[in-house]
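Notes follow once the structure below has been shown.
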Amino acid sequence: MKRQVGQVIAVATVAASVASVAYALTPGIAATGTDTASTAPTSSCAAAGEKRQLRGMWIATVHNLDWPSKTGLSPARQRGEYVKLLDTAARRNFNAVFLQVRPASDAFYRSALEPWSQYLTGRAGGDPGWDPLPFLIDEAHKRGLEFHAWFNPYRAAYDDRISTLPAGHPARVHPEWTVKHEGRLYYNPGLPQVRNHVTSVIKDVVSRYDVDGVHFDDYFYPYPGGGTAFADSAAFRRYGNGKKLAGWRRENVNKLVAQVSKAVHGTKPYVKFGISPFGIWRNRTNDPDGSNTQGMSAYDMIYADAKAWIKARTVDYVMPQIYWPRGLVIADYKVLVPWWAKTVRGTGVDLYIGQALYQVGTGGPWSKPGEMPAHLTLNRKYPEVKGDVYFSAKQVQNNPLKVMDRLADAHYARPALLPLISSMPKGTPAAPTGVKAEGGSLVWAAQPGARAYAVYRTAEPDGCATADGRNLVAVIPAGGSPAYRLPSGGVFHVTALDRLHNESAPTSARITLP
């Protein structure tokens, strides 16, 4: 995740949501609130409101940026800090978290392939005494949050001294896989062995843990730094096959993306795979298909070709880091959002926007508390934009300039279902049964396979109630006896959601409170 955005710029001076549910509400369901009716859906309803929208935050573990707050904490302290972050996300009506499980060829989970992360105990390879990942996933799911496991593919270590790495570290066992570059150690993207190892690491996590997604950030080949050439000439001579160096490097990244995509979906078809590229693909001055910007080009400088991934459908979503304000000449938010919207249009690849919450309060346009809320207002003009993710969790918690409060009032006052990505499995869960009022709550019977339940409220019977996000009052995670505390009476409509938020037909009840 690139935090020094201004410095970087200076280097180069679901399309159809399941919102068509309709039903015939049986006339006269009793005012006692104990009778229910469930009927089959139709396709006669037009979607309204922002019913489906990804709302997430990155949880960075590298350098203890977000979690855990420092190394050496007890498991209980680590769990406590994490739960507070999740509670903040849930309170803000978020529905996803992206947690960094592999900052640099290390692991925030028990692994036979790579050592424990130094950011847990302070020592690379140090056993923290527990496997955090099942807890991290379960607690997210309890709060209705998707859990995306965030991996850095090529960073091997923050120090280029291989001899200091733990015994058994892949870079120590295979130093020929690595490139020392400006004080850090990288895996060489040009080597098939590296691609195979990275894919094996990710497949291992997807196989053993109940993650909802696999996520890459914007780090591929190293960002421009001190001007040192990346020393991959030997691999280029062996595998370049007559290509130009830049094209070969982009091909290496594309191969890894395709290989990981195939492994993820081949292991669990419902696990999403997406990437958060640097916000500028190419500038129009270098490519007529590029954006009207003047900043660093990810295509040319770090060999990340997001348009190729979109065209090949090797990603389910892209989440460009558009970390700049409106009106910035070299990288204008108002220019980049429509560019990305046009790029994904008609492809079936979802688009979410990476938002620089960490910039709020730092000066210039970011000193205005209305800047980031204006980003989301602009996004509404482009139906391809299906949500936003904030860097990072600590800033969501700290609420700089009370911006999160503004977002809550203007954009997140109601919950939202997850977008339906066209490449993901489809299905129609069984509708809830037994919807009734009981002890001041709306209750219903738990449905096998349901990940959550959506509750809608209308004043009167409405055959299109569940098509309108403005009627959505709660998303209740599955587990135990599902219930929604009733603040008022009305006609309530309950649907079941699977893990991808495919939605059932509604079951409805008119509730009259004493």
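Each chain in the structure tokens gets a letter, A, B, ..., in the order shown, and its residues are numbered from 1; ligands are numbered from 1 in order too.
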
Do you know which residues are at most 6 Å from range 387-401 of chain A counting only C-alpha atoms, after dropping those on the same chain fewer than 5 positions away, and could you put them as a PyMOL selection string?
-> chain A and resi 53-59+66+352-357+369

All helix (DSSP H, G or I) residues (DSSP, backbone) inside range 109-164 of chain A, as a list in words =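 Answer for range 109-164 of chain A, restricted to helix (DSSP H, G or I): Gln118, Tyr119, Leu120, Thr121, Pro132, Leu133, Pro134, Phe135, Leu136, Ile137, Asp138, Glu139, Ala140, His141, Lys142, Ile162, Ser163 and Thr164 of chain A.
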
For Gln447 in chain A: contacts at 10 Å, only C-alpha atoms, fewer than 4 positions along chain excluded, given as a short mmCIF file (atom, residue, chain, number, x, y, z; two decimals) with all heavy atoms, in the first residue's frame:
```cif
data_model
loop_
_atom_site.label_atom_id
_atom_site.label_comp_id
_atom_site.auth_asym_id
_atom_site.auth_seq_id
_atom_site.Cartn_x
_atom_site.Cartn_y
_atom_site.Cartn_z
N PRO A 429 -30.95 -18.89 -2.38
CA PRO A 429 -31.14 -19.59 -1.11
C PRO A 429 -32.63 -19.79 -0.80
O PRO A 429 -33.50 -19.12 -1.36
CB PRO A 429 -30.50 -18.65 -0.08
CG PRO A 429 -29.62 -17.73 -0.88
CD PRO A 429 -30.27 -17.61 -2.22
N ALA A 430 -32.89 -20.72 0.10
CA ALA A 430 -34.27 -20.93 0.56
C ALA A 430 -34.72 -19.73 1.38
O ALA A 430 -33.94 -19.15 2.16
CB ALA A 430 -34.35 -22.20 1.40
N ALA A 431 -35.99 -19.34 1.21
CA ALA A 431 -36.52 -18.19 1.95
C ALA A 431 -36.66 -18.53 3.43
O ALA A 431 -36.90 -19.68 3.80
CB ALA A 431 -37.88 -17.80 1.38
N PRO A 432 -36.51 -17.52 4.29
CA PRO A 432 -36.69 -17.75 5.73
C PRO A 432 -38.12 -18.21 6.04
O PRO A 432 -39.06 -17.94 5.29
CB PRO A 432 -36.40 -16.38 6.33
CG PRO A 432 -35.61 -15.65 5.31
CD PRO A 432 -36.11 -16.15 3.99
N THR A 433 -38.26 -18.89 7.14
CA THR A 433 -39.57 -19.34 7.60
C THR A 433 -39.80 -18.86 9.03
O THR A 433 -38.86 -18.52 9.74
CB THR A 433 -39.68 -20.87 7.55
OG1 THR A 433 -38.66 -21.44 8.40
CG2 THR A 433 -39.51 -21.39 6.14
N ARG A 451 -25.53 -17.26 5.28
CA ARG A 451 -24.46 -16.51 5.92
C ARG A 451 -25.04 -15.32 6.68
O ARG A 451 -24.47 -14.87 7.68
CB ARG A 451 -23.46 -16.03 4.86
CG ARG A 451 -22.39 -15.04 5.34
CD ARG A 451 -21.43 -15.64 6.35
NE ARG A 451 -20.51 -16.57 5.76
CZ ARG A 451 -19.37 -16.26 5.15
NH1 ARG A 451 -19.03 -15.00 5.00
NH2 ARG A 451 -18.59 -17.21 4.68
N ALA A 452 -26.16 -14.79 6.21
CA ALA A 452 -26.77 -13.62 6.84
C ALA A 452 -28.21 -13.52 6.37
O ALA A 452 -28.68 -14.28 5.50
CB ALA A 452 -25.99 -12.36 6.49
N TYR A 453 -28.91 -12.55 6.97
CA TYR A 453 -30.31 -12.28 6.60
C TYR A 453 -30.46 -10.78 6.41
O TYR A 453 -29.91 -9.98 7.18
CB TYR A 453 -31.26 -12.76 7.69
CG TYR A 453 -31.12 -14.23 8.00
CD1 TYR A 453 -30.24 -14.65 9.00
CD2 TYR A 453 -31.82 -15.19 7.29
CE1 TYR A 453 -30.07 -16.00 9.29
CE2 TYR A 453 -31.67 -16.54 7.57
CZ TYR A 453 -30.79 -16.94 8.57
OH TYR A 453 -30.62 -18.28 8.84
N ALA A 478 -25.67 -14.68 10.31
CA ALA A 478 -26.21 -15.95 10.76
C ALA A 478 -25.48 -16.41 12.02
O ALA A 478 -24.36 -15.99 12.30
CB ALA A 478 -26.08 -16.99 9.66
N GLY A 479 -26.12 -17.30 12.73
CA GLY A 479 -25.54 -17.81 13.97
C GLY A 479 -26.53 -17.69 15.10
O GLY A 479 -27.08 -16.62 15.34
N PRO A 482 -31.62 -16.13 14.84
CA PRO A 482 -31.59 -14.79 14.23
C PRO A 482 -32.75 -13.93 14.72
O PRO A 482 -33.86 -14.40 14.92
CB PRO A 482 -31.70 -15.08 12.73
CG PRO A 482 -32.32 -16.43 12.64
CD PRO A 482 -31.87 -17.19 13.85
N ALA A 496 -32.94 -14.48 3.00
CA ALA A 496 -31.71 -15.18 3.38
C ALA A 496 -30.63 -14.88 2.35
O ALA A 496 -30.90 -14.75 1.15
CB ALA A 496 -31.96 -16.68 3.47
N LEU A 497 -29.39 -14.76 2.83
CA LEU A 497 -28.24 -14.47 1.97
C LEU A 497 -27.22 -15.59 2.12
O LEU A 497 -26.90 -16.01 3.24
CB LEU A 497 -27.59 -13.14 2.38
CG LEU A 497 -28.51 -11.93 2.48
CD1 LEU A 497 -27.79 -10.77 3.16
CD2 LEU A 497 -28.99 -11.51 1.09
N ASP A 498 -26.67 -16.06 1.00
CA ASP A 498 -25.56 -17.00 1.11
C ASP A 498 -24.26 -16.22 1.28
O ASP A 498 -24.27 -14.99 1.41
CB ASP A 498 -25.53 -17.98 -0.07
CG ASP A 498 -25.22 -17.30 -1.41
OD1 ASP A 498 -24.78 -16.12 -1.43
OD2 ASP A 498 -25.41 -17.96 -2.46
#
```

Show which residues sit within 8 Å of range 217-232 of chain A, as a ChimeraX atom specification. Count only C-alpha atoms, and ignore same-chain residues fewer than 3 positions away.
-> /A:1-2,8,11,150-154,179-182,188-190,235-236,253,275-278,301-304

Please identify all polymer residues within 12 Å of range 377-380 of chain A, counting only C-alpha atoms, omitting same-chain residues fewer than 2 positions from it, and present them as a PyMOL selection string.
-> chain A and resi 49-50+53+322+325-326+333-341+351-355+370-375+382-388+406-407+410-412

Excluding Thr343 in chain A and residues on its chain fewer than 6 positions from it, collect all residues at most 10 Å away from it, counting only C-alpha atoms, and give them as a ChimeraX atom specification.
-> /A:289-290,306-307,310-311,337,349,351,384

Give one line per residue of range 392-457 of chain A that approaches range 87-96 of chain A to at most 8 Å, naming the two atoms of the closest pair and their distance in Å to one decimal, counting only C-alpha atoms; sort by chain then ascending residue number and deliver it as JSON lines.
```
{"residue": "A:Val396", "atom": "CA", "partner": "A:Thr88", "partner_atom": "CA", "distance": 7.5}
{"residue": "A:Gln397", "atom": "CA", "partner": "A:Thr88", "partner_atom": "CA", "distance": 6.2}
{"residue": "A:Met404", "atom": "CA", "partner": "A:Arg92", "partner_atom": "CA", "distance": 7.9}
{"residue": "A:Ala408", "atom": "CA", "partner": "A:Arg92", "partner_atom": "CA", "distance": 6.5}
{"residue": "A:Tyr412", "atom": "CA", "partner": "A:Asn93", "partner_atom": "CA", "distance": 6.2}
{"residue": "A:Ala413", "atom": "CA", "partner": "A:Asn93", "partner_atom": "CA", "distance": 7.6}
{"residue": "A:Arg414", "atom": "CA", "partner": "A:Asn93", "partner_atom": "CA", "distance": 6.9}
{"residue": "A:Pro415", "atom": "CA", "partner": "A:Asn93", "partner_atom": "CA", "distance": 5.2}
{"residue": "A:Ala416", "atom": "CA", "partner": "A:Asn93", "partner_atom": "CA", "distance": 7.4}
{"residue": "A:Leu417", "atom": "CA", "partner": "A:Asn95", "partner_atom": "CA", "distance": 7.7}
{"residue": "A:Leu418", "atom": "CA", "partner": "A:Asn95", "partner_atom": "CA", "distance": 7.1}
```

Would you mind writing down, as a list in words, each residue of range 395-486 of chain A that DSSP on the backbone assigns to strand (DSSP E or B)?
->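 Checking each residue of range 395-486 of chain A, the strand (DSSP E or B) ones are Leu417, Thr433, Gly434, Val435, Lys436, Ala437, Glu438, Ser441, Leu442, Val443, Trp444, Ala445, Ala452, Tyr453, Ala454, Val455, Tyr456, Arg457, Thr458, Asp468, Leu472, Val473, Ala474, Val475, Ile476, Pro477, Ala483, Tyr484 and Arg485 of chain A.
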
Taking 2 positions as the minimum chain separation for residues in the same chain, which residues sit within 9 Å of Thr199 in chain A when counting only C-alpha atoms? Answer as a PDB file with N, CA and C atoms, in the first residue's frame.
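That gives us out01.pdb:
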```pdb
ATOM      1  N   PRO A 153       2.989 -10.253  -3.055  1.00  0.00           N
ATOM      2  CA  PRO A 153       3.549 -11.414  -3.758  1.00  0.00           C
ATOM      3  C   PRO A 153       5.064 -11.478  -3.826  1.00  0.00           C
ATOM      4  N   VAL A 194       9.442 -18.820  -8.592  1.00  0.00           N
ATOM      5  CA  VAL A 194       8.849 -17.806  -7.706  1.00  0.00           C
ATOM      6  C   VAL A 194       7.341 -17.795  -7.882  1.00  0.00           C
ATOM      7  N   ARG A 195       6.872 -17.794  -9.111  1.00  0.00           N
ATOM      8  CA  ARG A 195       5.428 -17.809  -9.346  1.00  0.00           C
ATOM      9  C   ARG A 195       4.789 -19.045  -8.709  1.00  0.00           C
ATOM     10  N   ASN A 196       5.465 -20.170  -8.829  1.00  0.00           N
ATOM     11  CA  ASN A 196       4.930 -21.399  -8.249  1.00  0.00           C
ATOM     12  C   ASN A 196       4.876 -21.326  -6.729  1.00  0.00           C
ATOM     13  N   HIS A 197       5.919 -20.753  -6.132  1.00  0.00           N
ATOM     14  CA  HIS A 197       5.939 -20.652  -4.673  1.00  0.00           C
ATOM     15  C   HIS A 197       4.835 -19.715  -4.176  1.00  0.00           C
ATOM     16  N   VAL A 201       1.680 -20.718  -1.703  1.00  0.00           N
ATOM     17  CA  VAL A 201       1.381 -20.060  -0.434  1.00  0.00           C
ATOM     18  C   VAL A 201      -0.092 -19.654  -0.385  1.00  0.00           C
ATOM     19  N   ILE A 202      -0.563 -19.063  -1.465  1.00  0.00           N
ATOM     20  CA  ILE A 202      -1.947 -18.586  -1.492  1.00  0.00           C
ATOM     21  C   ILE A 202      -2.924 -19.747  -1.519  1.00  0.00           C
ATOM     22  N   LYS A 203      -2.636 -20.751  -2.312  1.00  0.00           N
ATOM     23  CA  LYS A 203      -3.515 -21.915  -2.373  1.00  0.00           C
ATOM     24  C   LYS A 203      -3.606 -22.603  -1.017  1.00  0.00           C
ATOM     25  N   ASP A 204      -2.505 -22.629  -0.291  1.00  0.00           N
ATOM     26  CA  ASP A 204      -2.491 -23.223   1.045  1.00  0.00           C
ATOM     27  C   ASP A 204      -3.467 -22.508   1.970  1.00  0.00           C
ATOM     28  N   LEU A 256       1.689 -14.430 -13.215  1.00  0.00           N
ATOM     29  CA  LEU A 256       1.412 -14.710 -11.807  1.00  0.00           C
ATOM     30  C   LEU A 256      -0.061 -14.476 -11.494  1.00  0.00           C
ATOM     31  N   GLN A 259      -2.083 -17.272 -12.862  1.00  0.00           N
ATOM     32  CA  GLN A 259      -1.820 -18.521 -12.146  1.00  0.00           C
ATOM     33  C   GLN A 259      -2.509 -18.525 -10.787  1.00  0.00           C
ATOM     34  N   VAL A 260      -2.440 -17.402 -10.079  1.00  0.00           N
ATOM     35  CA  VAL A 260      -3.096 -17.300  -8.776  1.00  0.00           C
ATOM     36  C   VAL A 260      -4.616 -17.368  -8.946  1.00  0.00           C
ATOM     37  N   ALA A 263      -5.651 -20.906  -9.446  1.00  0.00           N
ATOM     38  CA  ALA A 263      -5.496 -21.701  -8.222  1.00  0.00           C
ATOM     39  C   ALA A 263      -6.587 -21.381  -7.214  1.00  0.00           C
ATOM     40  N   VAL A 264      -6.892 -20.086  -7.055  1.00  0.00           N
ATOM     41  CA  VAL A 264      -7.915 -19.682  -6.086  1.00  0.00           C
ATOM     42  C   VAL A 264      -9.266 -20.257  -6.481  1.00  0.00           C
TER      43      VAL A 264
END
```

Please indicate the distance in Å from CA of Thr507 in chain A to CA of Val494 in chain A, rounded to one decimal place.
->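 Taking CA of Thr507 in chain A and CA of Val494 in chain A, their separation equals 5.3 Å.
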
Kindly give the distance, in Å, that separates CA of Asn471 in chain A and CA of Arg457 in chain A, rounded to a single decimal.
->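 For CA of Asn471 in chain A relative to CA of Arg457 in chain A, the distance reads 5.4 Å.
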
Using only C-alpha atoms, which of A:Lys402, A:Lys342, A:Arg155, A:His169 sits nearest Val360 in chain A?
-> A:Lys402

What does the distance from CA of Leu99 in chain A to CA of Thr178 in chain A come to in Å, to one decimal?
->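 Here the two named atoms are 25.4 Å from each other.
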
With only C-alpha atoms as the atoms that count, which of A:Tyr270, A:Phe108, A:Trp248, A:Tyr119 lies nearest to Leu65 in chain A?
->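 For Leu65 in chain A, the nearest of the given residues is A:Tyr119.
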